[in-house]
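Engineer: Below you will find the structure I want to go over with you.
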Amino acid sequence: MNTTQQTHLPAYDHRPGTGPTLVFLHYWGGSARTWDLVVDRLADRDTLTVDFRGWSRSSGLPGPYTLGQLADDTLAVLADAGVTDHVLVGHSMGGKVAQMVAATRPDGLRGIVLVGSGPAKPAARITDEYREALSHAYDSTESVAGARDHILTATELPASVKARIVIDSRTVTDAARTEWPLRGIAQDITEHTRMVRVPALVVAGENDQVEPVDVLRRNLVPYLSQADFMVIPCTGHLIPLEAPADLADAITAFAPAA
């Protein structure tokens, strides 16, 4: 595996293998390693995982930390890694970034997998009061643990995974931590999503409280020109950590090795 940390680019890990390359973009609070349990089940596949600007190994990078900047960063990482034939796999905030990347119609993009994704059109419940409260979800170790156990997950996770969630959610610059809840989550990107012309797979968690099934059906799927929809039973919002085997199978079925 090649690990890259350049001063102008987010850190990323590129594991060579059979294409198309699966490019993984993490949720608000996550990191490249959020995808470890999924990537481990994709033996021999070419994979690339990114730490978004402001998060984890990329926490030293300056802002802005907007969705547009994260999309530009993703395109820059693809170019730096020499990735052309690829599929974007975005979770939550990363799913919204994936929509914006796909809207630019980059050469070699085969499809997108949107996992518990931020929808193209913000849900009605994303009020100013909701966003302000959400911006404090990762203020402390205790608040992260509370969000993890009562909002983000619907299943019991191993202690090591639970600890990883806390560390990742706290390894972030303040400006990056608040950008998504105060601005990104409320950004309407329907005009971008309508420009996506590759096949899409939308994956929902049956018991997801953050991006519920009905919100994804109503506020995301209609804006995609070619979308399949699937629900993973018994899981919450952290699908890559709660149901990695099911997710890996879904990705493989959607984007089989060449």
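The way I read the labels, and the way they are meant: chains A, B, ... in the order of the structure tokens, residue 1 as the first residue of every chain, and ligand 1 as the first ligand shown, with later ones counted on from there.
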From a backbone DSSP assignment, name each residue in segment 177-243 of chain A labelled alpha helix (DSSP H), as a list in words.
Structural biologist: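 Matching residues for alpha helix (DSSP H) in segment 177-243 of chain A are Arg177, Thr178, Glu179, Trp180, Pro181, Leu182, Thr190, Glu191, His192, Thr193, Val213, Asp214, Val215, Leu216, Arg217, Arg218, Asn219, Ile239, Pro240, Leu241 and Glu242 of chain A.
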Engineer: Output N, CA, C and O atoms for every residue in that selection, as a tab-separated table (two decimals), in the first residue's frame.
Structural biologist:
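The resulting file, selection05.tsv, is reproduced below:
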```tsv
chain	number	residue	atom	x	y	z
A	177	ARG	N	-14.55	20.86	11.68
A	177	ARG	CA	-15.57	20.18	12.49
A	177	ARG	C	-16.92	20.87	12.38
A	177	ARG	O	-17.97	20.21	12.39
A	178	THR	N	-16.93	22.19	12.27
A	178	THR	CA	-18.20	22.91	12.24
A	178	THR	C	-18.71	23.22	10.83
A	178	THR	O	-19.87	23.60	10.67
A	179	GLU	N	-17.86	23.06	9.82
A	179	GLU	CA	-18.26	23.42	8.46
A	179	GLU	C	-19.46	22.60	7.99
A	179	GLU	O	-20.42	23.14	7.42
A	180	TRP	N	-19.43	21.30	8.20
A	180	TRP	CA	-20.52	20.44	7.73
A	180	TRP	C	-21.84	20.75	8.44
A	180	TRP	O	-22.85	21.01	7.78
A	181	PRO	N	-21.90	20.75	9.78
A	181	PRO	CA	-23.20	20.99	10.41
A	181	PRO	C	-23.74	22.39	10.20
A	181	PRO	O	-24.96	22.57	10.09
A	182	LEU	N	-22.88	23.38	10.15
A	182	LEU	CA	-23.36	24.75	10.03
A	182	LEU	C	-23.67	25.15	8.60
A	182	LEU	O	-24.51	26.02	8.36
A	190	THR	N	-28.78	19.95	-5.67
A	190	THR	CA	-29.58	19.23	-6.65
A	190	THR	C	-29.12	19.50	-8.08
A	190	THR	O	-29.16	18.60	-8.93
A	191	GLU	N	-28.68	20.72	-8.37
A	191	GLU	CA	-28.22	21.02	-9.73
A	191	GLU	C	-26.96	20.24	-10.08
A	191	GLU	O	-26.75	19.88	-11.24
A	192	HIS	N	-26.12	19.98	-9.08
A	192	HIS	CA	-24.94	19.15	-9.30
A	192	HIS	C	-25.36	17.70	-9.52
A	192	HIS	O	-24.89	17.03	-10.46
A	193	THR	N	-26.21	17.20	-8.64
A	193	THR	CA	-26.60	15.78	-8.70
A	193	THR	C	-27.30	15.46	-10.01
A	193	THR	O	-27.13	14.36	-10.56
A	213	VAL	N	-34.22	6.17	5.56
A	213	VAL	CA	-34.56	5.56	4.28
A	213	VAL	C	-35.48	6.47	3.47
A	213	VAL	O	-35.26	6.70	2.27
A	214	ASP	N	-36.51	7.01	4.11
A	214	ASP	CA	-37.48	7.80	3.36
A	214	ASP	C	-36.87	9.09	2.84
A	214	ASP	O	-37.24	9.58	1.76
A	215	VAL	N	-35.91	9.66	3.57
A	215	VAL	CA	-35.25	10.88	3.11
A	215	VAL	C	-34.41	10.59	1.87
A	215	VAL	O	-34.43	11.36	0.89
A	216	LEU	N	-33.70	9.49	1.87
A	216	LEU	CA	-32.88	9.15	0.71
A	216	LEU	C	-33.76	8.84	-0.50
A	216	LEU	O	-33.42	9.21	-1.63
A	217	ARG	N	-34.87	8.18	-0.28
A	217	ARG	CA	-35.80	7.90	-1.40
A	217	ARG	C	-36.36	9.19	-1.99
A	217	ARG	O	-36.53	9.30	-3.20
A	218	ARG	N	-36.63	10.15	-1.13
A	218	ARG	CA	-37.33	11.36	-1.56
A	218	ARG	C	-36.37	12.49	-1.99
A	218	ARG	O	-36.65	13.23	-2.94
A	219	ASN	N	-35.24	12.62	-1.31
A	219	ASN	CA	-34.37	13.79	-1.49
A	219	ASN	C	-33.07	13.49	-2.22
A	219	ASN	O	-32.27	14.41	-2.41
A	239	ILE	N	-22.81	2.50	8.49
A	239	ILE	CA	-22.88	1.26	7.72
A	239	ILE	C	-21.50	0.64	7.48
A	239	ILE	O	-21.35	-0.58	7.60
A	240	PRO	N	-20.46	1.41	7.14
A	240	PRO	CA	-19.16	0.78	6.91
A	240	PRO	C	-18.59	0.07	8.13
A	240	PRO	O	-17.74	-0.83	8.00
A	241	LEU	N	-19.04	0.46	9.33
A	241	LEU	CA	-18.57	-0.16	10.56
A	241	LEU	C	-19.55	-1.16	11.12
A	241	LEU	O	-19.16	-2.13	11.77
A	242	GLU	N	-20.83	-0.96	10.86
A	242	GLU	CA	-21.86	-1.86	11.38
A	242	GLU	C	-22.12	-3.07	10.49
A	242	GLU	O	-22.43	-4.15	10.98
```
Engineer: Write out as CSV a residue-level contact list of segment 172-247 of chain A versus segment 88-112 of chain A with cut-off 10 Å: for each qualifying residue the closest pair of atoms and the distance in Å to one decimal, counting only C-alpha atoms, rows sorted by chain and residue number upward.
Structural biologist:
```
residue,atom,partner,partner_atom,distance
A:Trp180,CA,A:Met93,CA,7.6
A:Pro181,CA,A:Met93,CA,9.9
A:Gly184,CA,A:Met93,CA,8.1
A:Ile185,CA,A:Met93,CA,7.7
A:Gln187,CA,A:Lys96,CA,9.6
A:Asp188,CA,A:Lys96,CA,10.0
A:Ile189,CA,A:Met100,CA,7.6
A:Thr190,CA,A:Gln99,CA,9.3
A:Glu191,CA,A:Ala103,CA,8.8
A:His192,CA,A:Ala103,CA,5.3
A:Thr193,CA,A:Gln99,CA,5.6
A:Arg194,CA,A:Ala103,CA,7.7
A:Met195,CA,A:Ala103,CA,5.0
A:Val196,CA,A:Ala103,CA,4.7
A:Arg197,CA,A:Arg105,CA,7.5
A:Val198,CA,A:Gly111,CA,5.0
A:Pro199,CA,A:Gly111,CA,4.9
A:Ala200,CA,A:Ile112,CA,4.8
A:Leu201,CA,A:Ile112,CA,6.4
A:Val202,CA,A:Ile112,CA,8.4
A:Val203,CA,A:His91,CA,9.3
A:Val210,CA,A:Ser92,CA,8.8
A:Glu211,CA,A:Ser92,CA,7.8
A:Leu220,CA,A:Lys96,CA,9.9
A:Leu224,CA,A:Gln99,CA,9.3
A:Gln226,CA,A:Gly111,CA,9.6
A:Ala227,CA,A:Ile112,CA,9.4
A:His237,CA,A:Ser92,CA,8.1
A:Leu238,CA,A:His91,CA,8.5
A:Ile239,CA,A:His91,CA,8.4
A:Pro240,CA,A:His91,CA,8.1
```
Engineer: Point out the residue among A:Thr235, A:Thr49, A:Thr171, A:Ser160 with the least atom-to-atom distance to His26 of chain A, counting only C-alpha atoms.
Structural biologist: A:Thr49
Engineer: Using backbone DSSP assignments, extract all strand (DSSP E or B) residues from segment 4-250 of chain A; output them as an MDAnalysis selection string.
Structural biologist: chainID A and resid 4 12:15 18:25 45:50 55 86:91 109:115 172 200:205 227:232
Engineer: Please produce a file of those selected residues containing N, CA and C atoms, as a tab-separated table (two decimals), in the first residue's frame.
Structural biologist:
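Just written: selection-v3.tsv:
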```
chain	number	residue	atom	x	y	z
A	4	THR	N	0.36	8.45	1.11
A	4	THR	CA	0.85	9.74	0.63
A	4	THR	C	0.39	10.86	1.54
A	12	TYR	N	-3.72	10.18	1.71
A	12	TYR	CA	-4.51	9.09	1.18
A	12	TYR	C	-3.68	7.82	1.13
A	13	ASP	N	-4.38	6.69	1.09
A	13	ASP	CA	-3.75	5.37	0.99
A	13	ASP	C	-4.24	4.71	-0.28
A	14	HIS	N	-3.29	4.28	-1.11
A	14	HIS	CA	-3.64	3.64	-2.37
A	14	HIS	C	-3.09	2.22	-2.36
A	15	ARG	N	-4.01	1.25	-2.37
A	15	ARG	CA	-3.61	-0.16	-2.41
A	15	ARG	C	-3.81	-0.69	-3.81
A	18	THR	N	-6.77	-5.08	-8.59
A	18	THR	CA	-7.61	-5.14	-9.78
A	18	THR	C	-8.59	-3.97	-9.81
A	19	GLY	N	-8.70	-3.35	-10.97
A	19	GLY	CA	-9.61	-2.22	-11.12
A	19	GLY	C	-11.03	-2.66	-11.43
A	20	PRO	N	-11.95	-1.71	-11.54
A	20	PRO	CA	-11.72	-0.28	-11.37
A	20	PRO	C	-11.39	0.08	-9.92
A	21	THR	N	-10.63	1.16	-9.73
A	21	THR	CA	-10.26	1.60	-8.40
A	21	THR	C	-11.51	2.04	-7.64
A	22	LEU	N	-11.62	1.58	-6.41
A	22	LEU	CA	-12.72	1.98	-5.53
A	22	LEU	C	-12.20	3.12	-4.64
A	23	VAL	N	-12.78	4.29	-4.78
A	23	VAL	CA	-12.31	5.49	-4.10
A	23	VAL	C	-13.28	5.80	-2.96
A	24	PHE	N	-12.79	5.70	-1.71
A	24	PHE	CA	-13.64	5.79	-0.54
A	24	PHE	C	-13.53	7.16	0.14
A	25	LEU	N	-14.68	7.79	0.37
A	25	LEU	CA	-14.76	9.12	0.98
A	25	LEU	C	-15.58	9.03	2.26
A	45	ARG	N	-8.62	-5.98	-4.75
A	45	ARG	CA	-9.16	-4.81	-5.45
A	45	ARG	C	-8.23	-3.61	-5.28
A	46	ASP	N	-8.19	-2.76	-6.29
A	46	ASP	CA	-7.47	-1.50	-6.22
A	46	ASP	C	-8.33	-0.52	-5.42
A	47	THR	N	-7.82	-0.03	-4.30
A	47	THR	CA	-8.60	0.85	-3.44
A	47	THR	C	-7.82	2.11	-3.09
A	48	LEU	N	-8.54	3.18	-2.87
A	48	LEU	CA	-7.95	4.44	-2.45
A	48	LEU	C	-8.86	5.04	-1.37
A	49	THR	N	-8.28	5.32	-0.21
A	49	THR	CA	-9.02	5.92	0.90
A	49	THR	C	-8.38	7.25	1.25
A	50	VAL	N	-9.22	8.23	1.56
A	50	VAL	CA	-8.76	9.61	1.75
A	50	VAL	C	-9.12	10.11	3.14
A	55	TRP	N	-9.22	16.73	8.61
A	55	TRP	CA	-9.50	15.54	9.41
A	55	TRP	C	-8.28	14.62	9.48
A	86	HIS	N	-12.35	4.35	-12.31
A	86	HIS	CA	-12.68	4.35	-10.89
A	86	HIS	C	-14.17	4.44	-10.62
A	87	VAL	N	-14.51	4.09	-9.37
A	87	VAL	CA	-15.86	4.21	-8.83
A	87	VAL	C	-15.74	4.95	-7.50
A	88	LEU	N	-16.57	5.96	-7.29
A	88	LEU	CA	-16.58	6.71	-6.05
A	88	LEU	C	-17.53	6.04	-5.06
A	89	VAL	N	-17.06	5.88	-3.81
A	89	VAL	CA	-17.89	5.33	-2.74
A	89	VAL	C	-17.88	6.35	-1.61
A	90	GLY	N	-18.99	7.06	-1.43
A	90	GLY	CA	-19.04	8.11	-0.43
A	90	GLY	C	-20.05	7.83	0.65
A	91	HIS	N	-19.64	8.06	1.90
A	91	HIS	CA	-20.51	7.82	3.06
A	91	HIS	C	-20.92	9.15	3.68
A	109	LEU	N	-14.66	7.81	-14.73
A	109	LEU	CA	-15.61	7.50	-13.65
A	109	LEU	C	-16.67	6.55	-14.17
A	110	ARG	N	-16.79	5.39	-13.53
A	110	ARG	CA	-17.76	4.37	-13.95
A	110	ARG	C	-19.08	4.45	-13.21
A	111	GLY	N	-19.04	4.88	-11.95
A	111	GLY	CA	-20.25	4.90	-11.15
A	111	GLY	C	-19.99	5.47	-9.78
A	112	ILE	N	-21.07	5.62	-9.01
A	112	ILE	CA	-20.94	6.11	-7.64
A	112	ILE	C	-21.81	5.26	-6.72
A	113	VAL	N	-21.28	4.99	-5.53
A	113	VAL	CA	-22.02	4.29	-4.48
A	113	VAL	C	-22.19	5.29	-3.35
A	114	LEU	N	-23.44	5.59	-3.01
A	114	LEU	CA	-23.75	6.59	-2.00
A	114	LEU	C	-24.31	5.88	-0.77
A	115	VAL	N	-23.53	5.87	0.31
A	115	VAL	CA	-23.82	5.08	1.50
A	115	VAL	C	-24.33	5.99	2.61
A	172	VAL	N	-9.55	16.63	14.48
A	172	VAL	CA	-10.08	17.52	13.45
A	172	VAL	C	-9.85	18.96	13.88
A	200	ALA	N	-25.63	4.83	-10.42
A	200	ALA	CA	-25.47	5.06	-8.99
A	200	ALA	C	-26.16	3.96	-8.20
A	201	LEU	N	-25.58	3.63	-7.06
A	201	LEU	CA	-26.20	2.74	-6.09
A	201	LEU	C	-26.34	3.52	-4.80
A	202	VAL	N	-27.55	3.66	-4.31
A	202	VAL	CA	-27.81	4.33	-3.05
A	202	VAL	C	-28.06	3.25	-2.00
A	203	VAL	N	-27.26	3.27	-0.94
A	203	VAL	CA	-27.35	2.27	0.13
A	203	VAL	C	-27.83	2.96	1.40
A	204	ALA	N	-28.92	2.46	1.96
A	204	ALA	CA	-29.48	3.02	3.18
A	204	ALA	C	-29.42	2.02	4.31
A	205	GLY	N	-29.31	2.52	5.53
A	205	GLY	CA	-29.41	1.68	6.71
A	205	GLY	C	-30.85	1.65	7.19
A	227	ALA	N	-30.31	5.25	-10.91
A	227	ALA	CA	-30.07	4.89	-9.51
A	227	ALA	C	-30.78	3.61	-9.11
A	228	ASP	N	-30.01	2.72	-8.50
A	228	ASP	CA	-30.57	1.58	-7.80
A	228	ASP	C	-30.57	1.90	-6.31
A	229	PHE	N	-31.47	1.28	-5.58
A	229	PHE	CA	-31.63	1.59	-4.16
A	229	PHE	C	-31.69	0.29	-3.37
A	230	MET	N	-30.93	0.24	-2.28
A	230	MET	CA	-30.99	-0.94	-1.43
A	230	MET	C	-30.93	-0.53	0.03
A	231	VAL	N	-31.54	-1.34	0.87
A	231	VAL	CA	-31.56	-1.10	2.31
A	231	VAL	C	-30.87	-2.26	3.00
A	232	ILE	N	-29.90	-1.95	3.85
A	232	ILE	CA	-29.22	-2.99	4.63
A	232	ILE	C	-29.95	-3.12	5.97
```
Engineer: How many Å separate atom CA of Ser169 of chain A from atom CA of Gly30 of chain A?
Structural biologist: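 Calculated distance between atom CA of Ser169 of chain A and atom CA of Gly30 of chain A is 6.1 Å.
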Engineer: Can you measure atom CA of Gly17 of chain A to atom CA of Trp35 of chain A for me? One decimal in Å is fine.
Structural biologist: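 Separation of atom CA of Gly17 of chain A and atom CA of Trp35 of chain A: 16.5 Å.
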Engineer: Tell me, in Å to one decimal, how far atom CA of Asp80 of chain A is from atom CA of Ser58 of chain A.
Structural biologist: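 Pair atom CA of Asp80 of chain A / atom CA of Ser58 of chain A returns 15.6 Å.
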Engineer: Do you know which residues are at most 9 Å from Ala145 of chain A counting only C-alpha atoms, after dropping those on the same chain fewer than 5 positions away, and could you put them as a list in words?
Structural biologist: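 What passes the distance filter is Tyr138, Ser140, His150, Lys162, Ala163, Ile165 and Val166 of chain A.
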Engineer: Please determine, counting only C-alpha atoms, which residue among A:Ala257, A:Leu152, A:Ala243, A:Val221 has the shortest atom-to-atom distance to Trp28 of chain A.
Structural biologist: A:Leu152
